[in-house]
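Asks: For reference, the file work-v5.txt (compact mmCIF, C-alpha atoms) is included below:
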# COMPACT_ATOMS: atom_id res chain seq x y z
CA MET A 1 41.07 -8.96 -49.96
CA LYS A 2 39.69 -7.74 -46.64
CA GLY A 3 36.20 -7.12 -45.36
CA ARG A 4 35.22 -4.47 -42.84
CA LEU A 5 34.12 -6.32 -39.70
CA HIS A 6 31.73 -5.21 -36.99
CA SER A 7 31.80 -8.28 -34.74
CA ILE A 8 31.62 -12.08 -34.60
CA GLU A 9 29.19 -14.20 -32.62
CA THR A 10 29.93 -17.88 -32.06
CA MET A 11 27.36 -20.48 -31.04
CA GLY A 12 24.36 -18.60 -32.49
CA PHE A 13 21.05 -20.46 -32.57
CA VAL A 14 18.54 -18.23 -34.37
CA ASP A 15 20.18 -16.85 -37.52
CA GLY A 16 19.83 -19.89 -39.71
CA PRO A 17 19.60 -23.65 -39.13
CA GLY A 18 21.62 -25.35 -36.39
CA ILE A 19 24.51 -23.89 -34.43
CA ARG A 20 26.08 -21.01 -36.34
CA THR A 21 28.88 -18.49 -36.33
CA ILE A 22 27.55 -15.04 -37.23
CA ILE A 23 29.89 -12.71 -39.12
CA PHE A 24 28.53 -9.17 -38.70
CA LEU A 25 29.94 -6.99 -41.47
CA GLN A 26 30.24 -3.23 -41.16
CA GLY A 27 28.12 -0.79 -43.14
CA CYS A 28 24.46 -0.44 -44.06
CA PRO A 29 22.65 1.83 -46.56
CA LEU A 30 19.47 1.83 -44.44
CA ARG A 31 18.81 3.80 -41.26
CA CYS A 32 16.12 1.73 -39.61
CA ALA A 33 14.36 3.51 -36.77
CA TYR A 34 14.67 0.40 -34.57
CA CYS A 35 18.19 -0.68 -35.63
CA HIS A 36 19.80 -2.51 -32.71
CA ASN A 37 23.34 -2.08 -34.09
CA PRO A 38 23.56 1.64 -35.00
CA ASP A 39 27.34 1.41 -34.64
CA SER A 40 27.36 -0.94 -37.64
CA GLN A 41 25.73 1.52 -40.05
CA ASN A 42 28.75 3.45 -41.32
CA MET A 43 31.58 1.85 -43.27
CA PHE A 44 34.30 2.85 -40.82
CA SER A 45 35.75 0.01 -38.78
CA ASN A 46 39.06 -0.60 -37.08
CA LYS A 47 38.55 -4.33 -37.57
CA GLU A 48 39.14 -6.16 -40.84
CA ILE A 49 38.93 -9.79 -41.80
CA THR A 50 40.01 -11.86 -44.81
CA PRO A 51 38.10 -14.71 -46.47
CA GLU A 52 40.81 -17.09 -45.26
CA GLU A 53 40.35 -15.94 -41.67
CA VAL A 54 36.61 -16.58 -41.90
CA LEU A 55 37.34 -20.06 -43.24
CA ASN A 56 39.71 -20.77 -40.34
CA ILE A 57 37.01 -19.73 -37.87
CA ALA A 58 34.54 -22.03 -39.58
CA LYS A 59 36.98 -24.96 -39.36
CA ARG A 60 37.33 -24.37 -35.63
CA TYR A 61 33.62 -25.04 -35.08
CA LYS A 62 33.13 -27.66 -37.79
CA ASN A 63 32.12 -30.42 -35.37
CA TYR A 64 29.35 -28.27 -33.89
CA TYR A 65 28.02 -27.48 -37.35
CA LYS A 66 28.11 -31.13 -38.39
CA ARG A 67 26.10 -32.30 -35.38
CA SER A 68 23.44 -29.59 -35.65
CA GLY A 69 23.25 -28.87 -39.39
CA GLY A 70 24.69 -25.42 -38.73
CA GLY A 71 27.30 -23.25 -40.40
CA ILE A 72 28.24 -19.64 -41.09
CA THR A 73 25.78 -16.72 -41.35
CA PHE A 74 26.70 -13.31 -42.75
CA SER A 75 24.81 -10.42 -41.21
CA GLY A 76 25.44 -6.77 -40.48
CA GLY A 77 25.00 -4.00 -41.03
CA GLU A 78 24.13 -5.16 -44.50
CA PRO A 79 26.48 -7.87 -45.84
CA LEU A 80 25.51 -7.24 -49.47
CA LEU A 81 27.16 -3.83 -49.20
CA GLN A 82 30.51 -5.66 -49.25
CA GLY A 83 29.56 -7.85 -52.18
CA GLU A 84 33.02 -8.63 -53.53
CA PHE A 85 34.37 -9.73 -50.16
CA LEU A 86 31.19 -11.68 -49.40
CA LEU A 87 31.34 -13.56 -52.69
CA GLU A 88 34.96 -14.60 -52.31
CA THR A 89 34.38 -15.74 -48.73
CA LEU A 90 31.30 -17.75 -49.65
CA LYS A 91 33.24 -19.49 -52.44
CA LEU A 92 35.92 -20.58 -49.97
CA LEU A 93 33.37 -21.83 -47.45
CA LYS A 94 31.36 -23.82 -49.99
CA LYS A 95 34.53 -25.34 -51.44
CA GLU A 96 35.18 -26.76 -47.97
CA GLY A 97 31.58 -27.97 -47.62
CA PHE A 98 30.24 -25.47 -45.08
CA ASN A 99 26.58 -24.51 -44.82
CA THR A 100 26.07 -20.78 -45.46
CA ALA A 101 23.33 -18.27 -44.73
CA LEU A 102 22.79 -14.62 -45.66
CA ASP A 103 20.86 -12.30 -43.33
CA THR A 104 19.91 -9.34 -45.52
CA SER A 105 17.42 -6.58 -46.25
CA GLY A 106 18.40 -6.84 -49.93
CA TYR A 107 20.40 -3.63 -50.35
CA GLY A 108 23.89 -3.76 -51.84
CA ASN A 109 25.89 -3.98 -55.03
CA GLU A 110 23.55 -5.65 -57.54
CA LYS A 111 26.32 -6.90 -59.82
CA TYR A 112 27.23 -9.53 -57.20
CA PHE A 113 23.71 -10.73 -56.34
CA CYS A 114 23.44 -13.56 -58.85
CA GLU A 115 26.85 -15.07 -58.04
CA ILE A 116 26.44 -14.65 -54.28
CA LEU A 117 23.16 -16.54 -54.25
CA LYS A 118 24.81 -19.54 -55.93
CA TYR A 119 26.85 -20.06 -52.75
CA VAL A 120 24.13 -19.41 -50.15
CA ASP A 121 22.09 -22.26 -48.65
CA THR A 122 19.60 -20.09 -46.76
CA VAL A 123 18.53 -16.48 -47.30
CA LEU A 124 17.10 -14.73 -44.26
CA LEU A 125 15.20 -11.86 -45.89
CA ASP A 126 14.31 -9.00 -43.55
CA ILE A 127 11.23 -7.11 -44.78
CA LYS A 128 10.92 -3.75 -43.04
CA HIS A 129 7.58 -2.55 -44.43
CA PHE A 130 5.25 -3.24 -47.33
CA ASP A 131 4.76 0.06 -49.15
CA ASN A 132 7.08 2.89 -50.16
CA ILE A 133 5.75 5.45 -47.69
CA GLY A 134 6.03 3.18 -44.69
CA TYR A 135 9.37 1.81 -45.84
CA LYS A 136 10.85 5.27 -46.25
CA THR A 137 9.55 6.37 -42.86
CA LEU A 138 11.14 3.40 -41.11
CA THR A 139 14.40 3.08 -43.06
CA GLY A 140 15.05 6.36 -44.89
CA ALA A 141 15.06 4.52 -48.26
CA ASN A 142 12.45 3.55 -50.82
CA MET A 143 11.64 -0.08 -51.67
CA ASN A 144 13.39 -0.15 -55.05
CA GLY A 145 16.48 -1.87 -53.69
CA PHE A 146 14.39 -4.46 -51.88
CA TYR A 147 12.35 -5.29 -54.97
CA LYS A 148 15.51 -5.54 -57.06
CA PHE A 149 16.99 -8.16 -54.74
CA LEU A 150 13.63 -9.92 -54.45
CA SER A 151 13.62 -10.42 -58.22
CA TYR A 152 16.87 -12.41 -57.96
CA LEU A 153 15.19 -14.85 -55.60
CA ASN A 154 12.94 -16.03 -58.43
CA ASP A 155 15.78 -18.25 -59.66
CA TYR A 156 17.29 -18.96 -56.24
CA GLN A 157 17.45 -22.68 -55.44
CA GLY A 158 18.09 -22.52 -51.69
CA ASN A 159 15.83 -22.06 -48.67
CA ILE A 160 14.26 -18.77 -47.63
CA TRP A 161 13.33 -17.46 -44.20
CA ILE A 162 11.20 -14.32 -44.14
CA ARG A 163 11.61 -11.99 -41.17
CA HIS A 164 9.67 -8.93 -40.11
CA VAL A 165 10.11 -6.77 -37.02
CA MET A 166 6.56 -5.90 -35.94
CA VAL A 167 6.24 -2.39 -34.47
CA PRO A 168 3.16 -1.37 -32.43
CA GLY A 169 1.04 1.23 -34.17
CA ILE A 170 2.85 0.67 -37.47
CA THR A 171 2.61 -2.95 -38.64
CA ASP A 172 0.82 -4.73 -35.76
CA ASN A 173 -2.38 -5.37 -37.68
CA GLU A 174 -3.86 -8.03 -39.92
CA ALA A 175 -3.77 -5.79 -43.00
CA SER A 176 0.01 -5.59 -42.68
CA ILE A 177 0.26 -9.36 -42.39
CA TYR A 178 -1.65 -9.76 -45.66
CA LYS A 179 0.54 -7.16 -47.37
CA LEU A 180 3.67 -8.89 -46.10
CA PHE A 181 2.51 -12.23 -47.45
CA ASP A 182 1.48 -10.73 -50.76
CA ARG A 183 5.05 -9.53 -51.34
CA VAL A 184 6.52 -13.03 -51.06
CA ALA A 185 3.68 -15.43 -51.91
CA HIS A 186 5.25 -16.24 -55.29
CA LEU A 187 8.25 -17.73 -53.43
CA ALA A 188 6.11 -19.89 -51.13
CA GLN A 189 7.53 -23.24 -52.22
CA ARG A 190 11.02 -22.20 -51.12
CA ILE A 191 10.04 -20.36 -47.92
CA GLU A 192 10.83 -22.56 -44.93
CA ARG A 193 9.48 -20.19 -42.33
CA ILE A 194 8.15 -16.70 -41.68
CA GLU A 195 9.18 -15.07 -38.42
CA ILE A 196 7.38 -12.13 -36.83
CA LEU A 197 9.94 -10.59 -34.49
CA PRO A 198 8.51 -8.38 -31.73
CA TYR A 199 9.96 -4.86 -31.63
CA HIS A 200 12.02 -4.17 -28.49
CA LYS A 201 14.08 -1.33 -27.02
CA MET A 202 17.21 -3.23 -26.05
CA ALA A 203 19.40 -0.82 -28.04
CA LEU A 204 18.10 2.33 -26.35
CA GLU A 205 21.11 2.72 -24.05
CA LYS A 206 23.47 2.24 -26.99
CA TYR A 207 21.79 5.15 -28.80
CA LYS A 208 22.16 7.34 -25.71
CA ALA A 209 25.84 6.43 -25.35
CA MET A 210 26.44 7.31 -29.01
CA GLY A 211 24.51 10.58 -28.76
CA LEU A 212 21.99 9.43 -31.35
CA GLU A 213 18.28 10.12 -31.46
CA TYR A 214 16.11 7.04 -30.96
CA LYS A 215 13.08 7.85 -33.09
CA LEU A 216 10.80 5.19 -31.63
CA GLN A 217 11.48 6.05 -27.99
CA ASN A 218 7.80 6.64 -27.27
CA VAL A 219 6.64 3.48 -29.04
CA PRO A 220 5.94 0.61 -26.60
CA GLU A 221 7.60 -2.74 -27.07
CA MET A 222 5.63 -5.28 -29.08
CA ASP A 223 3.62 -7.80 -27.09
CA VAL A 224 5.34 -11.15 -27.64
CA LEU A 225 2.13 -13.18 -27.56
CA LYS A 226 0.41 -10.86 -30.02
CA ALA A 227 3.38 -11.14 -32.39
CA LYS A 228 3.13 -14.93 -32.08
CA GLU A 229 -0.57 -14.77 -33.04
CA TYR A 230 0.30 -12.88 -36.21
CA GLN A 231 3.11 -15.31 -36.95
CA ASP A 232 0.63 -18.18 -36.69
CA ILE A 233 -1.72 -16.40 -39.10
CA ILE A 234 0.91 -15.83 -41.77
CA THR A 235 2.35 -19.33 -41.31
CA GLU A 236 -1.10 -20.76 -42.00
CA MET A 237 -1.29 -18.60 -45.12
CA LEU A 238 2.09 -19.93 -46.24
CA ASN A 239 1.03 -23.53 -45.72
CA LYS A 240 -2.17 -22.97 -47.71
CA GLU A 241 -0.22 -21.36 -50.54
CA LYS A 242 2.09 -24.36 -50.70
CA LEU A 243 -0.95 -26.62 -50.98
CA GLY A 244 -2.54 -24.42 -53.64
CA VAL A 245 -5.36 -23.20 -51.40
CA ASN A 246 -6.64 -19.69 -52.17
CA ASN A 247 -5.83 -17.20 -49.39
CA ASN A 248 -8.25 -14.63 -50.90
CA LEU A 249 -5.57 -11.95 -51.06
CA ASN A 250 -6.77 -8.62 -52.37
CA ILE A 251 -3.90 -6.27 -51.59
CA ILE A 252 -3.27 -2.90 -53.20
Could you render the structure from this file as structure tokens?
Replies:
Amino acid sequence: MKGRLHSIETMGFVDGPGIRTIIFLQGCPLRCAYCHNPDSQNMFSNKEITPEEVLNIAKRYKNYYKRSGGGITFSGGEPLLQGEFLLETLKLLKKEGFNTALDTSGYGNEKYFCEILKYVDTVLLDIKHFDNIGYKTLTGANMNGFYKFLSYLNDYQGNIWIRHVMVPGITDNEASIYKLFDRVAHLAQRIERIEILPYHKMALEKYKAMGLEYKLQNVPEMDVLKAKEYQDIITEMLNKEKLGVNNNLNII
């Protein structure tokens, strides 16, 4: 069995706990307006990788993982799009005792979701928007796929990180923060952190080189300090929810 590979990053520090190797798989069903890897969206790749090759890479960095509590993270593209390959690779890694993480927007082949989650220590769930209209505008898809995956997290026993890219003029407001929290509040006891990632234009030159339209070209980059303020707000809401304190949510 082979997976379609976009790229590999070693010594990653932000996509899961500890020092990690990030396996970026090729292919994504979404077309996010701010995607920083547009070359990973289609399923065509000249690079392939087997589960055994991923395991060998993990063994190479085992000492770094052990010291830092790190491991292997699968990202993309959208790793759930290659569900069969992902499942078999995760099984191999867990058999050898490696920590695993899944960086996902929740779109893929549903028949593998339940089994995949049994072998994942941390889910990094990327939430693009909080209603169907906004979601479709940003990604080209409705929220059905996201909600379907979210339902599988009800029985998930691992840790959850929630991530949201905050875009000026679209989700940089307190109402959006409340909507975001409302979508995941029922998972509060398993959510380790919520990250508000400031929108940036680092991929703009890549779009130009590929001859692709960058739809948010006229949108300014998100102020890092403002994004941090919103992250503090939603983190406080998360902590209150864990303690059973009413956040007074009244979201439509």
Asks: Could you give me, as an NGL selection string, the residues that have an atom at most 6 Å away from the point (5.6, -17.5, -45.3) in the coordinates of the file, using all atoms listed in the file?
Replies: :A and (191 or 193-194 or 235 or 238)
Asks: Which is closest to Arg190 (chain A) among A:Gly76, A:Gly158, A:Gly169, A:Gly12, if we use all atoms listed in the file?
Replies: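 Nearest candidate to Arg190 (chain A) out of A:Gly76, A:Gly158, A:Gly169, A:Gly12: A:Gly158.
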Asks: Would you kindly identify which residues have an atom no farther than 9 Å from (12.6, -13.1, -40.0), using all atoms listed in the file and the file's own coordinates, and write them out as a tab-separated table (two decimals) with C-alpha atoms, in the frame of the given file?
Replies:
chain	number	residue	atom	x	y	z
A	15	ASP	CA	20.18	-16.85	-37.52
A	103	ASP	CA	20.86	-12.30	-43.33
A	124	LEU	CA	17.10	-14.73	-44.26
A	125	LEU	CA	15.20	-11.86	-45.89
A	126	ASP	CA	14.31	-9.00	-43.55
A	127	ILE	CA	11.23	-7.11	-44.78
A	161	TRP	CA	13.33	-17.46	-44.20
A	162	ILE	CA	11.20	-14.32	-44.14
A	163	ARG	CA	11.61	-11.99	-41.17
A	164	HIS	CA	9.67	-8.93	-40.11
A	165	VAL	CA	10.11	-6.77	-37.02
A	193	ARG	CA	9.48	-20.19	-42.33
A	194	ILE	CA	8.15	-16.70	-41.68
A	195	GLU	CA	9.18	-15.07	-38.42
A	196	ILE	CA	7.38	-12.13	-36.83
A	197	LEU	CA	9.94	-10.59	-34.49
Asks: Can you work out which one of A:Ser68, A:Gly106, A:Phe24, A:Tyr207 has the shortest atom-to-atom distance to Lys47 (chain A), counting all atoms listed in the file?
Replies: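 Distance minimum relative to Lys47 (chain A) lands on A:Phe24.
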Asks: Taking into account all atoms listed in the file, which residue in the set A:Gln41, A:Gln231, A:Thr100, A:Thr139 is nearest to Gly69 (chain A)?
Replies: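 Ranking A:Gln41, A:Gln231, A:Thr100, A:Thr139 by distance to Gly69 (chain A), first place goes to A:Thr100.
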Asks: Might you pull out every residue within 12 Å of Asn56 (chain A), with all atoms listed in the file counted and same-chain residues fewer than 4 positions away left off, and present them as a list in words?
Replies: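 With the cut-off at 12 Å, the set is Thr21, Ile49, Thr50, Pro51, Glu52, Arg60, Tyr61, Lys62, Ile72, Thr89, Leu92, Leu93, Glu96 and Phe98 of chain A.
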Asks: Tell me, in Å to one decimal, how far CA of Lys128 (chain A) is from CA of Phe13 (chain A).
Replies: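 So the answer is 22.2 Å.
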Asks: Rounded to one decimal in Å, what is the spacing between CA of Lys2 (chain A) and CA of Glu53 (chain A)?
Replies: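 These two atoms are separated by 9.6 Å.
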Asks: Residues at most 10 Å from region 34-40 of chain A, counting only C-alpha atoms, excluding those fewer than 6 positions away in the same chain, as a VMD selection string?
Replies: chain A and resid 5 to 7 24 to 28 76 to 78 138 to 139 165 167 199 to 204 206 to 207 210 212 214 to 217
Asks: Please return the centre and edge lengths, in Å to one decimal, of a box with edges along x, y and z that contains all listed atoms of region 9-12 of chain A, widened by 4 Å on every side, as AutoDock Vina command-line options.
Replies:
--center_x 27.1 --center_y -17.3 --center_z -31.8 --size_x 13.6 --size_y 14.3 --size_z 9.6
Asks: As a list in words, please: the residues near Tyr135 (chain A) (cut-off 12 Å, all atoms listed in the file, same-chain neighbours under 2 positions excluded).
Replies: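 Close residues of Tyr135 (chain A): Leu30, Arg31, Cys32, Ala33, Ser105, Ile127, Lys128, His129, Phe130, Asp131, Asn132, Ile133, Thr137, Leu138, Thr139, Gly140, Ala141, Asn142, Met143, Asn144, Gly145, Phe146, Tyr147, Ile170 and Thr171 of chain A.
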Asks: I'd like to know which of A:Ala175, A:Val123, A:Ala209, A:Leu81 is closest to Asn99 (chain A), using all atoms listed in the file.
Replies: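 Among the listed residues, A:Val123 lies closest to Asn99 (chain A).
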Asks: Provide the CA of Lys208 (chain A) to CA of Phe44 (chain A) distance in Å, to one decimal place.
Replies: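 Result for CA of Lys208 (chain A) versus CA of Phe44 (chain A): 19.9 Å, one decimal.
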Asks: Using all atoms listed in the file, pick whichever of A:Lys148, A:Lys136, A:Arg20, A:Arg67 has the shortest atom-to-atom distance to Ala101 (chain A).
Replies: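 Going through A:Lys148, A:Lys136, A:Arg20, A:Arg67 one by one, the smallest distance to Ala101 (chain A) is for A:Arg20.
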Asks: Near region 110-122 of chain A, counting only C-alpha atoms, which residues have an atom at most 7 Å away, once you skip same-chain residues fewer than 5 positions from it, shown as a PyMOL selection string?
Replies: chain A and resi 83-84+87+90-91+94+99-102+152+156+158-160
Asks: Which of these residues is nearest to Glu192 (chain A), using all atoms listed in the file: A:Ile23, A:Arg4, A:Leu225, A:Gly16?
Replies: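 Of all the options, A:Gly16 lies closest to Glu192 (chain A).
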Asks: I'd like the neighbourhood of Met11 (chain A) as a PyMOL selection string, where a residue qualifies if any of its atoms comes within 10 Å (using all atoms listed in the file), though same-chain residues fewer than 4 positions away should be ignored.
Replies: chain A and resi 18-22+61+64-65+70-71
Asks: How about completing region 152-169 of chain A with N, CA and C atoms and giving it to me as a PDB file, keeping the file's coordinate frame?
Replies:
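Writing the result to part17.pdb gives the following:
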ATOM      1  N   TYR A 152      15.827 -11.397 -57.808  1.00  0.00           N
ATOM      2  CA  TYR A 152      16.870 -12.410 -57.960  1.00  0.00           C
ATOM      3  C   TYR A 152      16.507 -13.711 -57.253  1.00  0.00           C
ATOM      4  N   LEU A 153      15.599 -13.640 -56.311  1.00  0.00           N
ATOM      5  CA  LEU A 153      15.190 -14.850 -55.600  1.00  0.00           C
ATOM      6  C   LEU A 153      14.276 -15.729 -56.443  1.00  0.00           C
ATOM      7  N   ASN A 154      13.789 -15.215 -57.564  1.00  0.00           N
ATOM      8  CA  ASN A 154      12.940 -16.030 -58.430  1.00  0.00           C
ATOM      9  C   ASN A 154      13.679 -17.260 -58.947  1.00  0.00           C
ATOM     10  N   ASP A 155      14.982 -17.136 -59.151  1.00  0.00           N
ATOM     11  CA  ASP A 155      15.780 -18.250 -59.660  1.00  0.00           C
ATOM     12  C   ASP A 155      16.644 -18.897 -58.576  1.00  0.00           C
ATOM     13  N   TYR A 156      16.485 -18.440 -57.355  1.00  0.00           N
ATOM     14  CA  TYR A 156      17.290 -18.960 -56.240  1.00  0.00           C
ATOM     15  C   TYR A 156      16.831 -20.377 -55.889  1.00  0.00           C
ATOM     16  N   GLN A 157      17.780 -21.279 -55.684  1.00  0.00           N
ATOM     17  CA  GLN A 157      17.450 -22.680 -55.440  1.00  0.00           C
ATOM     18  C   GLN A 157      17.557 -23.094 -53.969  1.00  0.00           C
ATOM     19  N   GLY A 158      17.946 -22.177 -53.100  1.00  0.00           N
ATOM     20  CA  GLY A 158      18.090 -22.520 -51.690  1.00  0.00           C
ATOM     21  C   GLY A 158      16.814 -22.289 -50.898  1.00  0.00           C
ATOM     22  N   ASN A 159      16.959 -22.281 -49.578  1.00  0.00           N
ATOM     23  CA  ASN A 159      15.830 -22.060 -48.670  1.00  0.00           C
ATOM     24  C   ASN A 159      15.720 -20.592 -48.295  1.00  0.00           C
ATOM     25  N   ILE A 160      14.502 -20.164 -47.982  1.00  0.00           N
ATOM     26  CA  ILE A 160      14.260 -18.770 -47.630  1.00  0.00           C
ATOM     27  C   ILE A 160      13.539 -18.698 -46.286  1.00  0.00           C
ATOM     28  N   TRP A 161      14.044 -17.837 -45.423  1.00  0.00           N
ATOM     29  CA  TRP A 161      13.330 -17.460 -44.200  1.00  0.00           C
ATOM     30  C   TRP A 161      12.928 -15.998 -44.364  1.00  0.00           C
ATOM     31  N   ILE A 162      11.677 -15.701 -44.112  1.00  0.00           N
ATOM     32  CA  ILE A 162      11.200 -14.320 -44.140  1.00  0.00           C
ATOM     33  C   ILE A 162      11.122 -13.801 -42.709  1.00  0.00           C
ATOM     34  N   ARG A 163      11.643 -12.601 -42.498  1.00  0.00           N
ATOM     35  CA  ARG A 163      11.610 -11.990 -41.170  1.00  0.00           C
ATOM     36  C   ARG A 163      11.000 -10.597 -41.234  1.00  0.00           C
ATOM     37  N   HIS A 164      10.229 -10.283 -40.203  1.00  0.00           N
ATOM     38  CA  HIS A 164       9.670  -8.930 -40.110  1.00  0.00           C
ATOM     39  C   HIS A 164       9.623  -8.515 -38.649  1.00  0.00           C
ATOM     40  N   VAL A 165      10.207  -7.344 -38.350  1.00  0.00           N
ATOM     41  CA  VAL A 165      10.110  -6.770 -37.020  1.00  0.00           C
ATOM     42  C   VAL A 165       8.772  -6.019 -36.929  1.00  0.00           C
ATOM     43  N   MET A 166       7.883  -6.503 -36.072  1.00  0.00           N
ATOM     44  CA  MET A 166       6.560  -5.900 -35.940  1.00  0.00           C
ATOM     45  C   MET A 166       6.589  -4.789 -34.901  1.00  0.00           C
ATOM     46  N   VAL A 167       6.191  -3.570 -35.329  1.00  0.00           N
ATOM     47  CA  VAL A 167       6.240  -2.390 -34.470  1.00  0.00           C
ATOM     48  C   VAL A 167       4.822  -1.946 -34.124  1.00  0.00           C
ATOM     49  N   PRO A 168       4.504  -1.810 -32.838  1.00  0.00           N
ATOM     50  CA  PRO A 168       3.160  -1.370 -32.430  1.00  0.00           C
ATOM     51  C   PRO A 168       2.769  -0.042 -33.068  1.00  0.00           C
ATOM     52  N   GLY A 169       1.545   0.013 -33.553  1.00  0.00           N
ATOM     53  CA  GLY A 169       1.040   1.230 -34.170  1.00  0.00           C
ATOM     54  C   GLY A 169       1.482   1.432 -35.599  1.00  0.00           C
TER      55      GLY A 169
END
